[in-house]
file my_file_17.pdb (PDB, C-alpha atoms)
ATOM      1  CA  MET A   1     135.943  51.785 112.484
ATOM      2  CA  THR A   2     136.348  54.437 115.109
ATOM      3  CA  ALA A   3     133.398  55.955 116.929
ATOM      4  CA  PRO A   4     132.323  59.390 115.732
ATOM      5  CA  SER A   5     133.769  62.291 117.641
ATOM      6  CA  SER A   6     131.596  64.789 119.455
ATOM      7  CA  GLY A   7     130.262  67.647 117.339
ATOM      8  CA  GLN A   8     128.619  67.709 113.972
ATOM      9  CA  HIS A   9     129.315  64.067 113.032
ATOM     10  CA  SER A  10     127.646  62.780 116.215
ATOM     11  CA  ARG A  11     124.276  64.280 115.278
ATOM     12  CA  LYS A  12     121.812  61.724 114.008
ATOM     13  CA  ARG A  13     120.255  62.109 110.592
ATOM     14  CA  LEU A  14     116.896  63.860 110.849
ATOM     15  CA  PRO A  15     113.998  64.086 108.415
ATOM     16  CA  ALA A  16     114.113  67.365 106.481
ATOM     17  CA  PRO A  17     111.299  69.124 108.423
ATOM     18  CA  GLU A  18     112.888  68.224 111.772
ATOM     19  CA  ARG A  19     116.341  69.274 110.556
ATOM     20  CA  ARG A  20     114.938  72.593 109.382
ATOM     21  CA  ALA A  21     113.254  73.168 112.742
ATOM     22  CA  ASP A  22     116.489  72.333 114.547
ATOM     23  CA  LEU A  23     118.439  74.748 112.346
ATOM     24  CA  LEU A  24     115.908  77.506 113.026
ATOM     25  CA  SER A  25     116.154  76.932 116.769
ATOM     26  CA  CYS A  26     119.958  77.034 116.719
ATOM     27  CA  ALA A  27     120.014  80.065 114.414
ATOM     28  CA  SER A  28     117.525  82.012 116.540
ATOM     29  CA  ARG A  29     119.647  81.479 119.637
ATOM     30  CA  ALA A  30     122.847  82.355 117.775
ATOM     31  CA  PHE A  31     121.422  85.543 116.277
ATOM     32  CA  SER A  32     119.912  86.640 119.595
ATOM     33  CA  GLN A  33     123.191  86.063 121.440
ATOM     34  CA  GLY A  34     125.163  87.909 118.774
ATOM     35  CA  SER A  35     123.768  89.884 115.871
ATOM     36  CA  TYR A  36     122.545  89.399 112.340
ATOM     37  CA  ARG A  37     125.704  90.831 110.819
ATOM     38  CA  GLY A  38     128.122  89.388 113.338
ATOM     39  CA  THR A  39     126.815  85.822 113.327
ATOM     40  CA  THR A  40     128.100  83.637 110.497
ATOM     41  CA  THR A  41     126.415  80.683 108.864
ATOM     42  CA  ALA A  42     129.501  78.647 109.776
ATOM     43  CA  GLU A  43     128.854  79.362 113.460
ATOM     44  CA  ILE A  44     125.199  78.440 113.108
ATOM     45  CA  ALA A  45     126.005  75.223 111.277
ATOM     46  CA  ARG A  46     128.550  74.305 113.921
ATOM     47  CA  ALA A  47     126.030  74.960 116.715
ATOM     48  CA  ALA A  48     123.491  72.782 114.905
ATOM     49  CA  GLY A  49     126.034  70.015 114.356
ATOM     50  CA  VAL A  50     125.883  70.138 110.558
ATOM     51  CA  THR A  51     128.002  71.421 107.700
ATOM     52  CA  GLU A  52     127.325  74.693 105.907
ATOM     53  CA  PRO A  53     126.267  72.862 102.710
ATOM     54  CA  ILE A  54     123.525  71.144 104.708
ATOM     55  CA  LEU A  55     122.455  74.517 106.111
ATOM     56  CA  TYR A  56     122.224  75.897 102.581
ATOM     57  CA  ARG A  57     120.047  72.999 101.491
ATOM     58  CA  HIS A  58     117.344  74.447 103.713
ATOM     59  CA  PHE A  59     118.011  78.192 103.382
ATOM     60  CA  ASP A  60     119.260  80.075 100.333
ATOM     61  CA  SER A  61     121.199  82.695 102.305
ATOM     62  CA  LYS A  62     121.824  84.063 105.765
ATOM     63  CA  ARG A  63     119.120  86.647 105.111
ATOM     64  CA  ASP A  64     116.673  83.897 104.161
ATOM     65  CA  LEU A  65     117.559  82.066 107.378
ATOM     66  CA  TYR A  66     117.145  85.220 109.464
ATOM     67  CA  ILE A  67     113.743  86.014 108.007
ATOM     68  CA  ALA A  68     112.718  82.406 108.617
ATOM     69  CA  CYS A  69     113.756  82.860 112.272
ATOM     70  CA  LEU A  70     111.601  85.986 112.497
ATOM     71  CA  ARG A  71     108.667  84.151 110.957
ATOM     72  CA  GLU A  72     109.114  81.206 113.315
ATOM     73  CA  SER A  73     109.358  83.486 116.350
ATOM     74  CA  TRP A  74     106.044  85.152 115.437
ATOM     75  CA  SER A  75     104.428  81.748 114.971
ATOM     76  CA  GLY A  76     105.476  80.870 118.520
ATOM     77  CA  VAL A  77     104.252  84.166 119.951
ATOM     78  CA  ARG A  78     100.942  83.839 118.136
ATOM     79  CA  GLU A  79     100.386  80.358 119.560
ATOM     80  CA  LEU A  80     101.303  81.674 123.011
ATOM     81  CA  TRP A  81      98.810  84.520 122.712
ATOM     82  CA  GLU A  82      96.047  82.306 121.352
ATOM     83  CA  GLN A  83      96.496  79.994 124.327
ATOM     84  CA  ALA A  84      96.543  82.932 126.751
ATOM     85  CA  VAL A  85      93.220  84.167 125.356
ATOM     86  CA  THR A  86      91.756  80.662 125.506
ATOM     87  CA  ASP A  87      92.835  80.247 129.133
ATOM     88  CA  GLU A  88      91.475  83.646 130.265
ATOM     89  CA  PRO A  89      87.711  83.397 130.856
ATOM     90  CA  ASP A  90      87.212  87.169 131.160
ATOM     91  CA  PRO A  91      87.474  88.959 127.778
ATOM     92  CA  ALA A  92      88.385  92.127 129.672
ATOM     93  CA  GLY A  93      91.610  90.408 130.674
ATOM     94  CA  TRP A  94      92.644  89.048 127.284
ATOM     95  CA  LEU A  95      95.236  91.696 126.436
ATOM     96  CA  ALA A  96      96.694  91.587 129.936
ATOM     97  CA  ALA A  97      96.887  87.786 129.701
ATOM     98  CA  MET A  98      98.729  88.073 126.381
ATOM     99  CA  GLY A  99     101.243  90.511 127.818
ATOM    100  CA  ARG A 100     101.756  88.403 130.937
ATOM    101  CA  ALA A 101     102.221  85.204 128.921
ATOM    102  CA  PHE A 102     104.858  86.847 126.755
ATOM    103  CA  ARG A 103     106.761  88.309 129.700
ATOM    104  CA  GLU A 104     106.827  84.874 131.349
ATOM    105  CA  SER A 105     107.880  83.045 128.175
ATOM    106  CA  ASP A 106     111.308  81.432 128.034
ATOM    107  CA  ASP A 107     111.620  82.653 124.433
ATOM    108  CA  ARG A 108     110.965  86.322 125.278
ATOM    109  CA  VAL A 109     114.624  87.400 125.163
ATOM    110  CA  VAL A 110     115.203  85.657 121.821
ATOM    111  CA  VAL A 111     112.144  87.309 120.276
ATOM    112  CA  HIS A 112     113.126  90.714 121.687
ATOM    113  CA  CYS A 113     116.604  90.470 120.191
ATOM    114  CA  LEU A 114     115.417  89.296 116.794
ATOM    115  CA  TRP A 115     112.825  92.077 116.500
ATOM    116  CA  VAL A 116     115.155  94.876 117.596
ATOM    117  CA  GLN A 117     117.916  93.653 115.286
ATOM    118  CA  ALA A 118     115.485  93.384 112.383
ATOM    119  CA  ILE A 119     114.327  96.969 112.844
ATOM    120  CA  ALA A 120     117.957  98.112 112.819
ATOM    121  CA  GLU A 121     118.753  96.066 109.709
ATOM    122  CA  ALA A 122     115.599  97.252 107.914
ATOM    123  CA  SER A 123     117.151 100.663 107.322
ATOM    124  CA  GLU A 124     119.728  99.113 104.985
ATOM    125  CA  ASP A 125     118.290  95.794 103.837
ATOM    126  CA  PRO A 126     115.197  96.122 101.596
ATOM    127  CA  ASP A 127     114.247  92.454 101.975
ATOM    128  CA  ILE A 128     114.244  92.606 105.766
ATOM    129  CA  ARG A 129     112.430  95.955 105.610
ATOM    130  CA  ALA A 130     109.723  94.484 103.377
ATOM    131  CA  TYR A 131     109.341  91.478 105.647
ATOM    132  CA  MET A 132     109.117  93.589 108.803
ATOM    133  CA  LEU A 133     106.419  95.810 107.278
ATOM    134  CA  GLU A 134     104.337  92.731 106.487
ATOM    135  CA  HIS A 135     105.209  91.161 109.829
ATOM    136  CA  MET A 136     104.225  94.146 111.970
ATOM    137  CA  ARG A 137     100.960  94.566 110.082
ATOM    138  CA  GLY A 138     100.194  90.918 110.784
ATOM    139  CA  VAL A 139     100.986  91.247 114.499
ATOM    140  CA  HIS A 140      98.881  94.409 114.679
ATOM    141  CA  ALA A 141      95.958  92.709 112.906
ATOM    142  CA  PHE A 142      96.039  89.832 115.397
ATOM    143  CA  ILE A 143      95.963  92.185 118.407
ATOM    144  CA  ALA A 144      93.236  94.368 116.891
ATOM    145  CA  ASP A 145      91.118  91.273 116.315
ATOM    146  CA  VAL A 146      91.459  90.334 119.999
ATOM    147  CA  VAL A 147      90.276  93.835 120.960
ATOM    148  CA  ARG A 148      87.287  93.601 118.607
ATOM    149  CA  ARG A 149      86.358  90.192 119.978
ATOM    150  CA  ALA A 150      86.479  91.622 123.503
ATOM    151  CA  GLN A 151      84.261  94.485 122.331
ATOM    152  CA  ALA A 152      81.800  92.018 120.809
ATOM    153  CA  ALA A 153      81.686  90.252 124.181
ATOM    154  CA  GLY A 154      80.863  93.559 125.881
ATOM    155  CA  ALA A 155      84.139  93.678 127.820
ATOM    156  CA  ILE A 156      85.544  96.755 126.041
ATOM    157  CA  PRO A 157      83.361  99.748 125.100
ATOM    158  CA  ALA A 158      82.506  99.998 121.411
ATOM    159  CA  ASP A 159      83.894 103.537 121.198
ATOM    160  CA  ARG A 160      87.455 102.342 121.795
ATOM    161  CA  ASP A 161      89.437 102.312 118.533
ATOM    162  CA  ALA A 162      90.588  98.688 118.180
ATOM    163  CA  SER A 163      93.250  99.528 115.603
ATOM    164  CA  ALA A 164      94.717 102.328 117.725
ATOM    165  CA  GLU A 165      94.658 100.202 120.864
ATOM    166  CA  ALA A 166      96.498  97.416 119.043
ATOM    167  CA  TRP A 167      99.252  99.865 118.067
ATOM    168  CA  VAL A 168      99.507 101.038 121.687
ATOM    169  CA  PHE A 169      99.846  97.430 122.869
ATOM    170  CA  LEU A 170     102.494  96.812 120.233
ATOM    171  CA  ALA A 171     104.365 100.016 121.082
ATOM    172  CA  ILE A 172     104.589  98.982 124.723
ATOM    173  CA  GLY A 173     105.894  95.627 123.560
ATOM    174  CA  PHE A 174     108.588  97.291 121.505
ATOM    175  CA  LEU A 175     109.669  99.459 124.428
ATOM    176  CA  ASN A 176     109.879  96.285 126.457
ATOM    177  CA  ALA A 177     111.957  94.722 123.650
ATOM    178  CA  VAL A 178     114.346  97.673 123.721
ATOM    179  CA  GLY A 179     114.628  97.211 127.469
ATOM    180  CA  GLY A 180     115.499  93.562 126.949
ATOM    181  CA  TRP A 181     118.084  94.481 124.323
ATOM    182  CA  LEU A 182     119.648  96.921 126.786
ATOM    183  CA  GLY A 183     119.894  94.224 129.428
ATOM    184  CA  GLY A 184     116.500  94.610 131.112
ATOM    185  CA  GLY A 185     115.166  97.017 133.659
ATOM    186  CA  LEU A 186     113.855  99.760 131.350
ATOM    187  CA  LEU A 187     110.151  99.056 131.922
ATOM    188  CA  ASP A 188     110.248  96.319 134.549
ATOM    189  CA  ALA A 189     109.191  98.519 137.460
ATOM    190  CA  ASP A 190     106.483 100.277 135.421
ATOM    191  CA  ILE A 191     104.874  97.302 133.685
ATOM    192  CA  PRO A 192     102.302  96.601 136.463
ATOM    193  CA  GLY A 193     101.219 100.251 136.473
ATOM    194  CA  ILE A 194     101.074 100.393 132.678
ATOM    195  CA  ALA A 195      98.968  97.240 132.573
ATOM    196  CA  ALA A 196      96.584  98.557 135.218
ATOM    197  CA  SER A 197      96.255 101.927 133.493
ATOM    198  CA  ARG A 198      95.536 100.350 130.116
ATOM    199  CA  ARG A 199      92.948  98.010 131.636
ATOM    200  CA  ARG A 200      91.139 100.938 133.297
ATOM    201  CA  TRP A 201      91.056 102.850 130.017
ATOM    202  CA  LEU A 202      89.994  99.909 127.888
ATOM    203  CA  THR A 203      87.417  98.325 130.171
ATOM    204  CA  GLY A 204      86.584 100.823 132.895
ATOM    205  CA  GLN A 205      87.558  98.157 135.435
ATOM    206  CA  ALA A 206      90.167  98.588 138.133
TER     207      ALA A 206
END
call {"tool": "encode", "arguments": {"input": "my_file_17.pdb", "output": "structure tokens"}}
result
Amino acid sequence: MTAPSSGQHSRKRLPAPERRADLLSCASRAFSQGSYRGTTTAEIARAAGVTEPILYRHFDSKRDLYIACLRESWSGVRELWEQAVTDEPDPAGWLAAMGRAFRESDDRVVVHCLWVQAIAEASEDPDIRAYMLEHMRGVHAFIADVVRRAQAAGAIPADRDASAEAWVFLAIGFLNAVGGWLGGGLLDADIPGIAASRRRWLTGQA
């Protein structure tokens, strides 16, 4: 018997949860390096070292796979933000810590690309549009909760509108995502000033 050649047949058999996670990782990279429409399931399967039938055992369609990538990316960002808040002892610095952690994350470019692509696809794909509406509301709710917790700790004045401030934080993130999609540089020089200005407004601290 000959040894297996490099490529899909050299990949070891993984338990279903691990295989699914591996497929999501490969698909997220493939989509972010290309596009939702331009990336095929055959390319993703090849990158993951499996056949398309195996890919379709885990995901019903390319759309299902893409939405799963979006969901997984938010799970990673949420964990990153939760850790950033945990590691920052000053509640006044929680939002800044979240922004800094995301900008320093190795997955930032992938998340940027997936979000921007999803917004573009939402205009024509009702399933992606429905997911993104739910997704953005969930992201907003998480950020607003951080603001309210900081207010409860006395770090942010009670008269600041937590919901509005969460949308502002998210809007800055989307502008940063657009900058990443364009190749970087759009907000890079202004981010420190934006962060300082938002901190002064939110907390009254320099």
call {"tool": "residues_around", "arguments": {"input": "my_file_17.pdb", "residues": "region 109-124 of chain A", "least_positions_apart": "2", "cutoff": "6 Å", "atoms": "all atoms listed in the file", "output": "list in words"}}
result
Ser32, Asp107, Ile128, Arg129, Ala177 and Trp181 of chain A
call {"tool": "axis_aligned_box", "arguments": {"input": "my_file_17.pdb", "around": "region 79-90 of chain A", "padding_each_side": "6 Å", "output": "AutoDock Vina command-line options"}}
result
--center_x 94.3 --center_y 83.6 --center_z 125.4 --size_x 26.1 --size_y 19.2 --size_z 23.6
call {"tool": "residues_around", "arguments": {"input": "my_file_17.pdb", "residues": "Glu82 (chain A)", "least_positions_apart": "6", "cutoff": "10 Å", "atoms": "only C-alpha atoms", "output": "list of chain:residue names"}}
result
A:Gly76, A:Trp94, A:Met98, A:Phe142, A:Val146
call {"tool": "resolve_selection", "arguments": {"input": "my_file_17.pdb", "expression": "the PyMOL selection byres ((chain A and resi 90) around 12)", "output": "PDB file with C-alpha atoms, keeping the file's coordinate frame"}}
result
ATOM      1  CA  ALA A  84      96.543  82.932 126.751  1.00  0.00           C
ATOM      2  CA  VAL A  85      93.220  84.167 125.356  1.00  0.00           C
ATOM      3  CA  THR A  86      91.756  80.662 125.506  1.00  0.00           C
ATOM      4  CA  ASP A  87      92.835  80.247 129.133  1.00  0.00           C
ATOM      5  CA  GLU A  88      91.475  83.646 130.265  1.00  0.00           C
ATOM      6  CA  PRO A  89      87.711  83.397 130.856  1.00  0.00           C
ATOM      7  CA  PRO A  91      87.474  88.959 127.778  1.00  0.00           C
ATOM      8  CA  ALA A  92      88.385  92.127 129.672  1.00  0.00           C
ATOM      9  CA  GLY A  93      91.610  90.408 130.674  1.00  0.00           C
ATOM     10  CA  TRP A  94      92.644  89.048 127.284  1.00  0.00           C
ATOM     11  CA  LEU A  95      95.236  91.696 126.436  1.00  0.00           C
ATOM     12  CA  ALA A  96      96.694  91.587 129.936  1.00  0.00           C
ATOM     13  CA  ALA A  97      96.887  87.786 129.701  1.00  0.00           C
ATOM     14  CA  ARG A 149      86.358  90.192 119.978  1.00  0.00           C
ATOM     15  CA  ALA A 150      86.479  91.622 123.503  1.00  0.00           C
ATOM     16  CA  GLN A 151      84.261  94.485 122.331  1.00  0.00           C
ATOM     17  CA  ALA A 153      81.686  90.252 124.181  1.00  0.00           C
ATOM     18  CA  GLY A 154      80.863  93.559 125.881  1.00  0.00           C
ATOM     19  CA  ALA A 155      84.139  93.678 127.820  1.00  0.00           C
ATOM     20  CA  ILE A 156      85.544  96.755 126.041  1.00  0.00           C
ATOM     21  CA  THR A 203      87.417  98.325 130.171  1.00  0.00           C
ATOM     22  CA  GLN A 205      87.558  98.157 135.435  1.00  0.00           C
TER      23      GLN A 205
END
call {"tool": "closest_residue", "arguments": {"input": "my_file_17.pdb", "among": "A:Ala16, A:Cys69, A:Leu202, A:Ile44", "to": "Arg57 (chain A)", "atoms": "all atoms listed in the file"}}
result
A:Ala16
call {"tool": "resolve_selection", "arguments": {"input": "my_file_17.pdb", "expression": "the PyMOL selection byres ((chain A and resi 163-168) around 6)", "output": "PyMOL selection string"}}
result
chain A and resi 140+143-144+161-162+169-171
call {"tool": "residues_around", "arguments": {"input": "my_file_17.pdb", "residues": "Lys62 (chain A)", "least_positions_apart": "6", "cutoff": "12 Å", "atoms": "only C-alpha atoms", "output": "PyMOL selection string"}}
result
chain A and resi 23-24+27-28+31+35-45+52+55-56+68-69+127-128
call {"tool": "atom_distance", "arguments": {"input": "my_file_17.pdb", "atom1": "CA of Cys26 (chain A)", "atom2": "CA of Ala48 (chain A)"}}
result
5.8 Å
call {"tool": "atom_distance", "arguments": {"input": "my_file_17.pdb", "atom1": "CA of Phe102 (chain A)", "atom2": "CA of Gly204 (chain A)"}}
result
23.8 Å
call {"tool": "residues_around", "arguments": {"input": "my_file_17.pdb", "residues": "region 192-194 of chain A", "least_positions_apart": "3", "cutoff": "12 Å", "atoms": "only C-alpha atoms", "output": "VMD selection string"}}
result
chain A and resid 96 99 to 100 103 168 to 169 172 to 173 175 to 176 187 to 189 197 to 201 206
call {"tool": "atom_distance", "arguments": {"input": "my_file_17.pdb", "atom1": "CA of Ser73 (chain A)", "atom2": "CA of His135 (chain A)"}}
result
10.9 Å
call {"tool": "closest_residue", "arguments": {"input": "my_file_17.pdb", "among": "A:Val139, A:Tyr66, A:Asp145, A:Ala152", "to": "Phe174 (chain A)", "atoms": "only C-alpha atoms"}}
result
A:Val139
call {"tool": "closest_residue", "arguments": {"input": "my_file_17.pdb", "among": "A:Asp22, A:Arg108, A:Thr51, A:Asp159", "to": "Gly179 (chain A)", "atoms": "all atoms listed in the file"}}
result
A:Arg108
call {"tool": "build_atoms", "arguments": {"input": "my_file_17.pdb", "residues": "region 177-205 of chain A", "atoms": "N, CA and C atoms", "output": "tab-separated table (two decimals), in the coordinates of the input"}}
result
chain	number	residue	atom	x	y	z
A	177	ALA	N	110.90	95.39	124.42
A	177	ALA	CA	111.96	94.72	123.65
A	177	ALA	C	113.26	95.51	123.72
A	178	VAL	N	113.15	96.82	123.61
A	178	VAL	CA	114.35	97.67	123.72
A	178	VAL	C	114.97	97.50	125.10
A	179	GLY	N	114.12	97.43	126.12
A	179	GLY	CA	114.63	97.21	127.47
A	179	GLY	C	115.37	95.90	127.58
A	180	GLY	N	114.82	94.85	126.94
A	180	GLY	CA	115.50	93.56	126.95
A	180	GLY	C	116.82	93.62	126.21
A	181	TRP	N	116.86	94.34	125.10
A	181	TRP	CA	118.08	94.48	124.32
A	181	TRP	C	119.16	95.23	125.12
A	182	LEU	N	118.71	96.15	125.97
A	182	LEU	CA	119.65	96.92	126.79
A	182	LEU	C	120.05	96.19	128.06
A	183	GLY	N	119.52	95.00	128.25
A	183	GLY	CA	119.89	94.22	129.43
A	183	GLY	C	118.82	94.16	130.49
A	184	GLY	N	117.62	94.67	130.17
A	184	GLY	CA	116.50	94.61	131.11
A	184	GLY	C	116.46	95.80	132.04
A	185	GLY	N	115.30	95.97	132.66
A	185	GLY	CA	115.17	97.02	133.66
A	185	GLY	C	114.51	98.30	133.18
A	186	LEU	N	114.40	98.50	131.85
A	186	LEU	CA	113.86	99.76	131.35
A	186	LEU	C	112.41	99.97	131.77
A	187	LEU	N	111.57	98.94	131.59
A	187	LEU	CA	110.15	99.06	131.92
A	187	LEU	C	109.72	98.15	133.07
A	188	ASP	N	110.63	97.35	133.58
A	188	ASP	CA	110.25	96.32	134.55
A	188	ASP	C	109.43	96.87	135.71
A	189	ALA	N	109.88	97.97	136.29
A	189	ALA	CA	109.19	98.52	137.46
A	189	ALA	C	107.85	99.14	137.10
A	190	ASP	N	107.70	99.56	135.83
A	190	ASP	CA	106.48	100.28	135.42
A	190	ASP	C	105.44	99.39	134.77
A	191	ILE	N	105.80	98.17	134.41
A	191	ILE	CA	104.87	97.30	133.68
A	191	ILE	C	103.57	97.09	134.45
A	192	PRO	N	103.58	96.78	135.76
A	192	PRO	CA	102.30	96.60	136.46
A	192	PRO	C	101.41	97.84	136.39
A	193	GLY	N	102.00	99.02	136.55
A	193	GLY	CA	101.22	100.25	136.47
A	193	GLY	C	100.69	100.50	135.08
A	194	ILE	N	101.51	100.23	134.07
A	194	ILE	CA	101.07	100.39	132.68
A	194	ILE	C	99.90	99.46	132.39
A	195	ALA	N	100.03	98.22	132.81
A	195	ALA	CA	98.97	97.24	132.57
A	195	ALA	C	97.67	97.66	133.26
A	196	ALA	N	97.78	98.14	134.48
A	196	ALA	CA	96.58	98.56	135.22
A	196	ALA	C	95.94	99.78	134.57
A	197	SER	N	96.77	100.72	134.13
A	197	SER	CA	96.26	101.93	133.49
A	197	SER	C	95.56	101.61	132.18
A	198	ARG	N	96.15	100.72	131.38
A	198	ARG	CA	95.54	100.35	130.12
A	198	ARG	C	94.22	99.61	130.34
A	199	ARG	N	94.18	98.74	131.36
A	199	ARG	CA	92.95	98.01	131.64
A	199	ARG	C	91.83	98.97	132.04
A	200	ARG	N	92.16	99.96	132.89
A	200	ARG	CA	91.14	100.94	133.30
A	200	ARG	C	90.60	101.69	132.09
A	201	TRP	N	91.49	102.10	131.19
A	201	TRP	CA	91.06	102.85	130.02
A	201	TRP	C	90.22	101.98	129.09
A	202	LEU	N	90.68	100.77	128.85
A	202	LEU	CA	89.99	99.91	127.89
A	202	LEU	C	88.65	99.40	128.39
A	203	THR	N	88.60	99.03	129.65
A	203	THR	CA	87.42	98.32	130.17
A	203	THR	C	86.61	99.10	131.22
A	204	GLY	N	87.23	100.12	131.81
A	204	GLY	CA	86.58	100.82	132.90
A	204	GLY	C	86.68	100.08	134.21
A	205	GLN	N	87.40	98.95	134.23
A	205	GLN	CA	87.56	98.16	135.44
A	205	GLN	C	88.89	98.44	136.09
